[in-house]
$ cat my_file.tsv   # TSV, C-alpha atoms
chain	number	residue	atom	x	y	z
A	730	MET	CA	2.47	-7.25	22.17
A	731	SER	CA	6.08	-8.32	22.21
A	732	SER	CA	5.63	-10.17	25.52
A	733	ARG	CA	2.96	-12.50	24.16
A	734	PRO	CA	1.98	-14.01	20.81
A	735	ALA	CA	-0.17	-11.71	18.72
A	736	THR	CA	-3.72	-12.90	18.09
A	737	VAL	CA	-4.63	-12.77	14.40
A	738	LEU	CA	-8.16	-13.26	13.12
A	739	VAL	CA	-8.21	-14.77	9.63
A	740	VAL	CA	-11.48	-14.25	7.74
A	741	GLU	CA	-11.57	-16.14	4.44
A	742	ASP	CA	-14.41	-18.26	3.02
A	743	GLU	CA	-12.18	-20.43	0.84
A	744	PRO	CA	-11.15	-23.30	3.15
A	745	LEU	CA	-7.82	-24.02	1.43
A	746	ILE	CA	-6.72	-20.38	1.52
A	747	ASN	CA	-7.95	-20.01	5.09
A	748	GLU	CA	-6.04	-23.05	6.28
A	749	SER	CA	-2.87	-22.11	4.38
A	750	VAL	CA	-2.82	-18.61	5.88
A	751	CYS	CA	-3.55	-19.95	9.36
A	752	GLN	CA	-0.81	-22.56	9.18
A	753	ARG	CA	1.78	-20.03	8.04
A	754	LEU	CA	0.84	-17.48	10.71
A	755	ARG	CA	0.94	-20.15	13.43
A	756	ALA	CA	4.38	-21.16	12.16
A	757	GLU	CA	5.41	-17.53	12.66
A	758	GLY	CA	4.41	-17.79	16.32
A	759	HIS	CA	1.02	-16.09	16.21
A	760	ARG	CA	-2.18	-17.26	17.89
A	761	VAL	CA	-4.75	-17.64	15.11
A	762	VAL	CA	-8.55	-17.69	15.18
A	763	THR	CA	-10.71	-18.08	12.09
A	764	ALA	CA	-14.02	-17.11	10.54
A	765	TYR	CA	-15.57	-17.92	7.19
A	766	ASP	CA	-18.33	-15.31	6.74
A	767	GLY	CA	-19.27	-11.76	7.68
A	768	PRO	CA	-21.36	-12.45	10.79
A	769	GLY	CA	-18.81	-14.96	12.04
A	770	ALA	CA	-16.02	-12.43	11.61
A	771	VAL	CA	-17.80	-9.78	13.68
A	772	ALA	CA	-18.58	-12.35	16.39
A	773	ALA	CA	-14.99	-13.63	16.46
A	774	HIS	CA	-13.65	-10.09	16.73
A	775	ALA	CA	-15.94	-9.39	19.69
A	776	GLU	CA	-14.97	-12.63	21.43
A	777	HIS	CA	-11.21	-12.71	20.86
A	778	ARG	CA	-10.26	-9.01	20.49
A	779	PRO	CA	-7.49	-9.82	17.98
A	780	ASP	CA	-4.39	-7.71	17.53
A	781	LEU	CA	-4.82	-7.83	13.74
A	782	VAL	CA	-7.39	-9.03	11.20
A	783	VAL	CA	-6.63	-10.61	7.81
A	784	LEU	CA	-9.92	-10.00	6.00
A	785	ASP	CA	-11.16	-11.19	2.62
A	786	VAL	CA	-13.44	-8.74	0.80
A	787	MET	CA	-15.83	-11.27	-0.75
A	788	LEU	CA	-17.63	-13.13	2.03
A	789	PRO	CA	-21.00	-14.82	2.57
A	790	GLY	CA	-23.48	-13.10	4.88
A	791	PHE	CA	-22.08	-9.63	4.32
A	792	ASP	CA	-18.83	-8.61	2.73
A	793	GLY	CA	-15.48	-7.69	4.22
A	794	LEU	CA	-16.12	-3.97	3.80
A	795	GLU	CA	-19.13	-4.21	6.11
A	796	VAL	CA	-17.11	-6.35	8.52
A	797	CYS	CA	-14.42	-3.67	8.58
A	798	ARG	CA	-16.98	-0.91	9.21
A	799	ARG	CA	-18.50	-2.79	12.13
A	800	ILE	CA	-15.33	-3.84	13.92
A	801	GLN	CA	-13.66	-0.45	13.51
A	802	ALA	CA	-16.74	1.19	15.04
A	803	THR	CA	-16.33	-0.86	18.23
A	804	THR	CA	-12.67	-1.67	18.88
A	805	PRO	CA	-10.32	-0.35	16.16
A	806	VAL	CA	-7.79	-2.92	15.00
A	807	PRO	CA	-5.27	-3.11	12.14
A	808	VAL	CA	-6.87	-4.76	9.10
A	809	LEU	CA	-5.08	-6.32	6.14
A	810	MET	CA	-7.63	-6.80	3.37
A	811	LEU	CA	-7.43	-9.52	0.74
A	812	THR	CA	-9.05	-8.70	-2.57
A	813	ALA	CA	-9.41	-10.62	-5.80
A	814	ARG	CA	-9.68	-7.34	-7.69
A	815	ASP	CA	-6.96	-4.75	-8.14
A	816	ASP	CA	-9.48	-2.04	-8.98
A	817	GLU	CA	-8.45	1.30	-7.52
A	818	ALA	CA	-12.02	2.20	-6.52
A	819	ASP	CA	-12.36	-1.02	-4.53
A	820	VAL	CA	-9.04	-0.40	-2.80
A	821	LEU	CA	-9.99	3.15	-1.85
A	822	VAL	CA	-13.33	1.98	-0.46
A	823	GLY	CA	-11.49	-0.55	1.67
A	824	LEU	CA	-9.09	2.08	2.97
A	825	GLY	CA	-12.02	4.41	3.55
A	826	VAL	CA	-13.78	1.98	5.91
A	827	GLY	CA	-10.68	1.49	8.03
A	828	ALA	CA	-8.40	-1.05	6.35
A	829	ASP	CA	-4.70	-0.37	6.91
A	830	ASP	CA	-3.28	-2.31	4.01
A	831	TYR	CA	-4.35	-4.68	1.24
A	832	LEU	CA	-3.07	-7.60	-0.81
A	833	THR	CA	-4.38	-8.64	-4.21
A	834	LYS	CA	-4.98	-12.33	-4.83
A	835	PRO	CA	-3.08	-14.39	-5.73
A	836	PHE	CA	-0.43	-13.36	-3.24
A	837	ARG	CA	2.79	-14.87	-1.98
A	838	MET	CA	2.57	-16.14	1.57
A	839	ARG	CA	5.93	-14.53	2.33
A	840	GLU	CA	4.49	-11.14	1.40
A	841	LEU	CA	1.45	-11.66	3.62
A	842	VAL	CA	3.70	-12.55	6.55
A	843	ALA	CA	5.80	-9.43	5.94
A	844	ARG	CA	2.69	-7.21	5.84
A	845	VAL	CA	1.35	-8.73	9.06
A	846	ALA	CA	4.69	-8.28	10.82
A	847	ALA	CA	4.94	-4.66	9.65
A	848	LEU	CA	1.43	-3.82	10.86
A	849	LEU	CA	2.11	-5.36	14.27
A	850	ARG	CA	5.41	-3.46	14.58
A	851	ARG	CA	3.62	-0.23	13.81
A	852	VAL	CA	1.09	-0.89	16.57
A	853	GLU	CA	3.93	-1.35	19.04
A	854	ARG	CA	5.71	1.77	17.79
A	855	ALA	CA	2.51	3.82	18.04
A	856	ALA	CA	2.03	2.68	21.64
A	857	GLU	CA	5.61	3.67	22.50
A	858	LEU	CA	5.18	7.10	20.89
A	859	ALA	CA	1.89	7.64	22.69
A	860	ALA	CA	3.59	6.96	26.01
A	861	ALA	CA	6.41	9.42	25.31
A	862	PRO	CA	5.91	13.18	25.58
A	863	THR	CA	5.88	14.51	22.02
A	864	GLU	CA	5.00	17.97	20.78
A	865	ALA	CA	2.22	18.38	18.25
A	866	LEU	CA	3.18	19.00	14.62
A	867	VAL	CA	1.60	22.04	13.02
A	868	VAL	CA	1.86	22.53	9.27
A	869	GLY	CA	-0.35	25.26	7.88
A	870	GLY	CA	-3.89	24.39	8.91
A	871	LEU	CA	-2.93	20.85	9.90
A	872	ARG	CA	-2.29	19.87	13.52
A	873	LEU	CA	-1.09	16.37	14.44
A	874	ASP	CA	-0.82	15.21	18.04
A	875	PRO	CA	1.36	12.05	18.13
A	876	ALA	CA	0.44	11.28	21.75
A	877	SER	CA	-3.32	11.18	21.18
A	878	ARG	CA	-2.97	10.35	17.46
A	879	ARG	CA	-5.54	13.01	16.64
A	880	VAL	CA	-5.56	15.27	13.60
A	881	GLN	CA	-7.26	18.58	13.03
A	882	VAL	CA	-7.68	20.27	9.66
A	883	ASP	CA	-8.45	24.00	9.94
A	884	GLY	CA	-9.70	23.39	13.47
A	885	ASP	CA	-11.97	20.46	12.60
A	886	GLU	CA	-11.01	16.97	13.74
A	887	VAL	CA	-10.74	14.31	11.05
A	888	HIS	CA	-10.58	10.56	11.54
A	889	LEU	CA	-7.56	8.82	10.04
A	890	THR	CA	-6.70	5.15	10.06
A	891	PRO	CA	-3.45	4.27	11.85
A	892	THR	CA	-1.68	3.95	8.50
A	893	GLU	CA	-3.00	7.29	7.28
A	894	PHE	CA	-1.88	8.96	10.50
A	895	ASP	CA	1.63	7.50	10.23
A	896	LEU	CA	1.83	8.55	6.59
A	897	LEU	CA	0.74	12.09	7.36
A	898	GLN	CA	3.12	12.28	10.31
A	899	ALA	CA	6.04	11.23	8.09
A	900	LEU	CA	5.17	13.94	5.57
A	901	ALA	CA	4.54	16.56	8.28
A	902	ALA	CA	7.95	15.91	9.84
A	903	ALA	CA	9.54	17.34	6.67
A	904	PRO	CA	7.05	19.88	5.24
A	905	GLY	CA	7.80	20.96	1.71
A	906	HIS	CA	10.36	18.17	1.22
A	907	VAL	CA	9.67	15.43	-1.28
A	908	LEU	CA	9.75	11.95	0.25
A	909	THR	CA	10.16	9.09	-2.20
A	910	ARG	CA	7.67	6.26	-2.29
A	911	GLU	CA	10.44	3.87	-1.24
A	912	ARG	CA	11.31	6.00	1.77
A	913	LEU	CA	7.66	6.22	2.82
A	914	LEU	CA	7.21	2.49	2.32
A	915	ALA	CA	10.19	1.74	4.56
A	916	GLY	CA	9.41	4.37	7.18
A	917	VAL	CA	5.64	3.92	7.47
A	918	TRP	CA	5.09	0.30	6.51
A	919	GLY	CA	8.47	-1.01	7.62
A	920	TRP	CA	9.22	-3.07	4.54
A	921	GLU	CA	10.71	-2.80	1.09
A	922	GLY	CA	9.19	-3.68	-2.23
A	923	GLY	CA	9.09	-3.04	-5.94
A	924	ALA	CA	6.62	-1.20	-8.14
A	925	GLY	CA	3.69	-3.27	-6.89
A	926	ALA	CA	4.51	-2.43	-3.30
A	927	THR	CA	4.84	1.29	-3.91
A	928	ARG	CA	1.30	1.28	-5.31
A	929	THR	CA	0.24	0.75	-1.71
A	930	VAL	CA	1.71	4.17	-0.92
A	931	ASP	CA	-0.16	5.75	-3.83
A	932	SER	CA	-3.48	4.27	-2.72
A	933	HIS	CA	-3.06	5.51	0.85
A	934	VAL	CA	-2.07	8.98	-0.35
A	935	ARG	CA	-5.29	9.17	-2.39
A	936	SER	CA	-7.31	8.16	0.66
A	937	LEU	CA	-5.43	10.66	2.83
A	938	ARG	CA	-6.05	13.48	0.35
A	939	ALA	CA	-9.78	12.84	0.49
A	940	LYS	CA	-9.68	13.54	4.23
A	941	VAL	CA	-7.17	16.40	4.62
A	942	GLY	CA	-7.55	18.12	1.25
A	943	ALA	CA	-6.05	17.13	-2.08
A	944	GLU	CA	-4.13	20.39	-2.40
A	945	ARG	CA	-2.14	19.73	0.78
A	946	VAL	CA	-0.24	16.71	-0.55
A	947	ARG	CA	1.79	17.47	-3.66
A	948	THR	CA	2.74	14.74	-6.12
A	949	VAL	CA	6.16	14.79	-7.72
A	950	HIS	CA	5.63	12.39	-10.60
A	951	GLY	CA	8.07	9.54	-10.70
A	952	VAL	CA	9.49	10.47	-7.29
A	953	GLY	CA	7.08	10.77	-4.38
A	954	TYR	CA	5.04	13.18	-2.26
A	955	ALA	CA	5.41	16.33	-0.17
A	956	LEU	CA	3.17	18.03	2.38
A	957	GLU	CA	2.63	21.64	1.40
A	958	PRO	CA	3.22	24.13	4.26
A	959	ARG	CA	0.27	26.35	3.36

$ encode --input "my_file.tsv" --output "structure tokens"
Amino acid sequence: MSSRPATVLVVEDEPLINESVCQRLRAEGHRVVTAYDGPGAVAAHAEHRPDLVVLDVMLPGFDGLEVCRRIQATTPVPVLMLTARDDEADVLVGLGVGADDYLTKPFRMRELVARVAALLRRVERAAELAAAPTEALVVGGLRLDPASRRVQVDGDEVHLTPTEFDLLQALAAAPGHVLTRERLLAGVWGWEGGAGATRTVDSHVRSLRAKVGAERVRTVHGVGYALEPR
């Protein structure tokens, strides 16, 4: 991805927001394609095979959650969801269908650019790790294989999004040790932020718990999280 411009699909039905996001991403050196509704988003993904999708939740045709389900079922791709609601249930549904990150409207364009850059860096880093021989991490009943990016829980394979895998890998690398939200944000997402940004970590931890077992990830209130070596 570093040898060519990344292709970003922007799916937003509000023309002014769509154009503003596209202009800023093009100014950052990305190749940008657009869609304005659910069916158009799925078609554009199939045609252009983007490296990343910026996806609004509320869309004509069918919503962004359904778009995310459909594209992740064919060719998985990092998805940054845009939502007008900061409701935790909505966020968890988005993460559950394969979104990697989310931004609540209204958002600062600088923050969107930072999120996009961080997601693209993580894709590159994951490809480098997959190409390098790395031993699997085993913590209790959890087994993580960095090369294949597969996870087993008590012998059963579970599907994690790329962000969830990176988050679990960071916790599994130091079982029993509490990692602060800020450290996880920097190590997994590759960027720094305040209280609003660390809520992203909390949302992903909740989604991760639903898949690997709530009891495996311990919360240290006001500090961060630890993976329990059961």

$ atom_distance --input "my_file.tsv" --atom1 "atom CA of A:Pro805" --atom2 "atom CA of A:Glu944"
28.5 Å

$ closest_residue --input "my_file.tsv" --among "A:Ala939, A:Leu914, A:Val845, A:Met787" --to "A:Val882" --atoms "all atoms listed in the file"
A:Ala939

$ closest_atom_pairs --input "my_file.tsv" --of "stretch 869-937 of chain A" --to "stretch 948-952 of chain A" --cutoff "10 Å" --atoms "only C-alpha atoms" --output "CSV"
residue,atom,partner,partner_atom,distance
A:Val907,CA,A:Val949,CA,7.4
A:Leu908,CA,A:Val952,CA,7.7
A:Thr909,CA,A:Val952,CA,5.3
A:Arg910,CA,A:Val952,CA,6.8
A:Glu911,CA,A:Val952,CA,9.0
A:Asp931,CA,A:Thr948,CA,9.7
A:Val934,CA,A:Thr948,CA,9.5

$ atom_distance --input "my_file.tsv" --atom1 "atom CA of A:Glu840" --atom2 "atom CA of A:Asp766"
23.8 Å

$ residues_around --input "my_file.tsv" --residues "A:Ser932" --least-positions-apart "4" --cutoff "8 Å" --atoms "only C-alpha atoms" --output "number ranges by chain"
A: 817, 820-821, 928, 936

$ closest_residue --input "my_file.tsv" --among "A:Gln801, A:Asp829, A:Gly884, A:Arg912" --to "A:Gly870" --atoms "only C-alpha atoms"
A:Gly884

$ residues_around --input "my_file.tsv" --residues "A:Asp895" --least-positions-apart "2" --cutoff "12 Å" --atoms "all atoms listed in the file" --output "count of residues only"
35

$ atom_distance --input "my_file.tsv" --atom1 "atom CA of A:Arg837" --atom2 "atom CA of A:Leu809"
14.2 Å
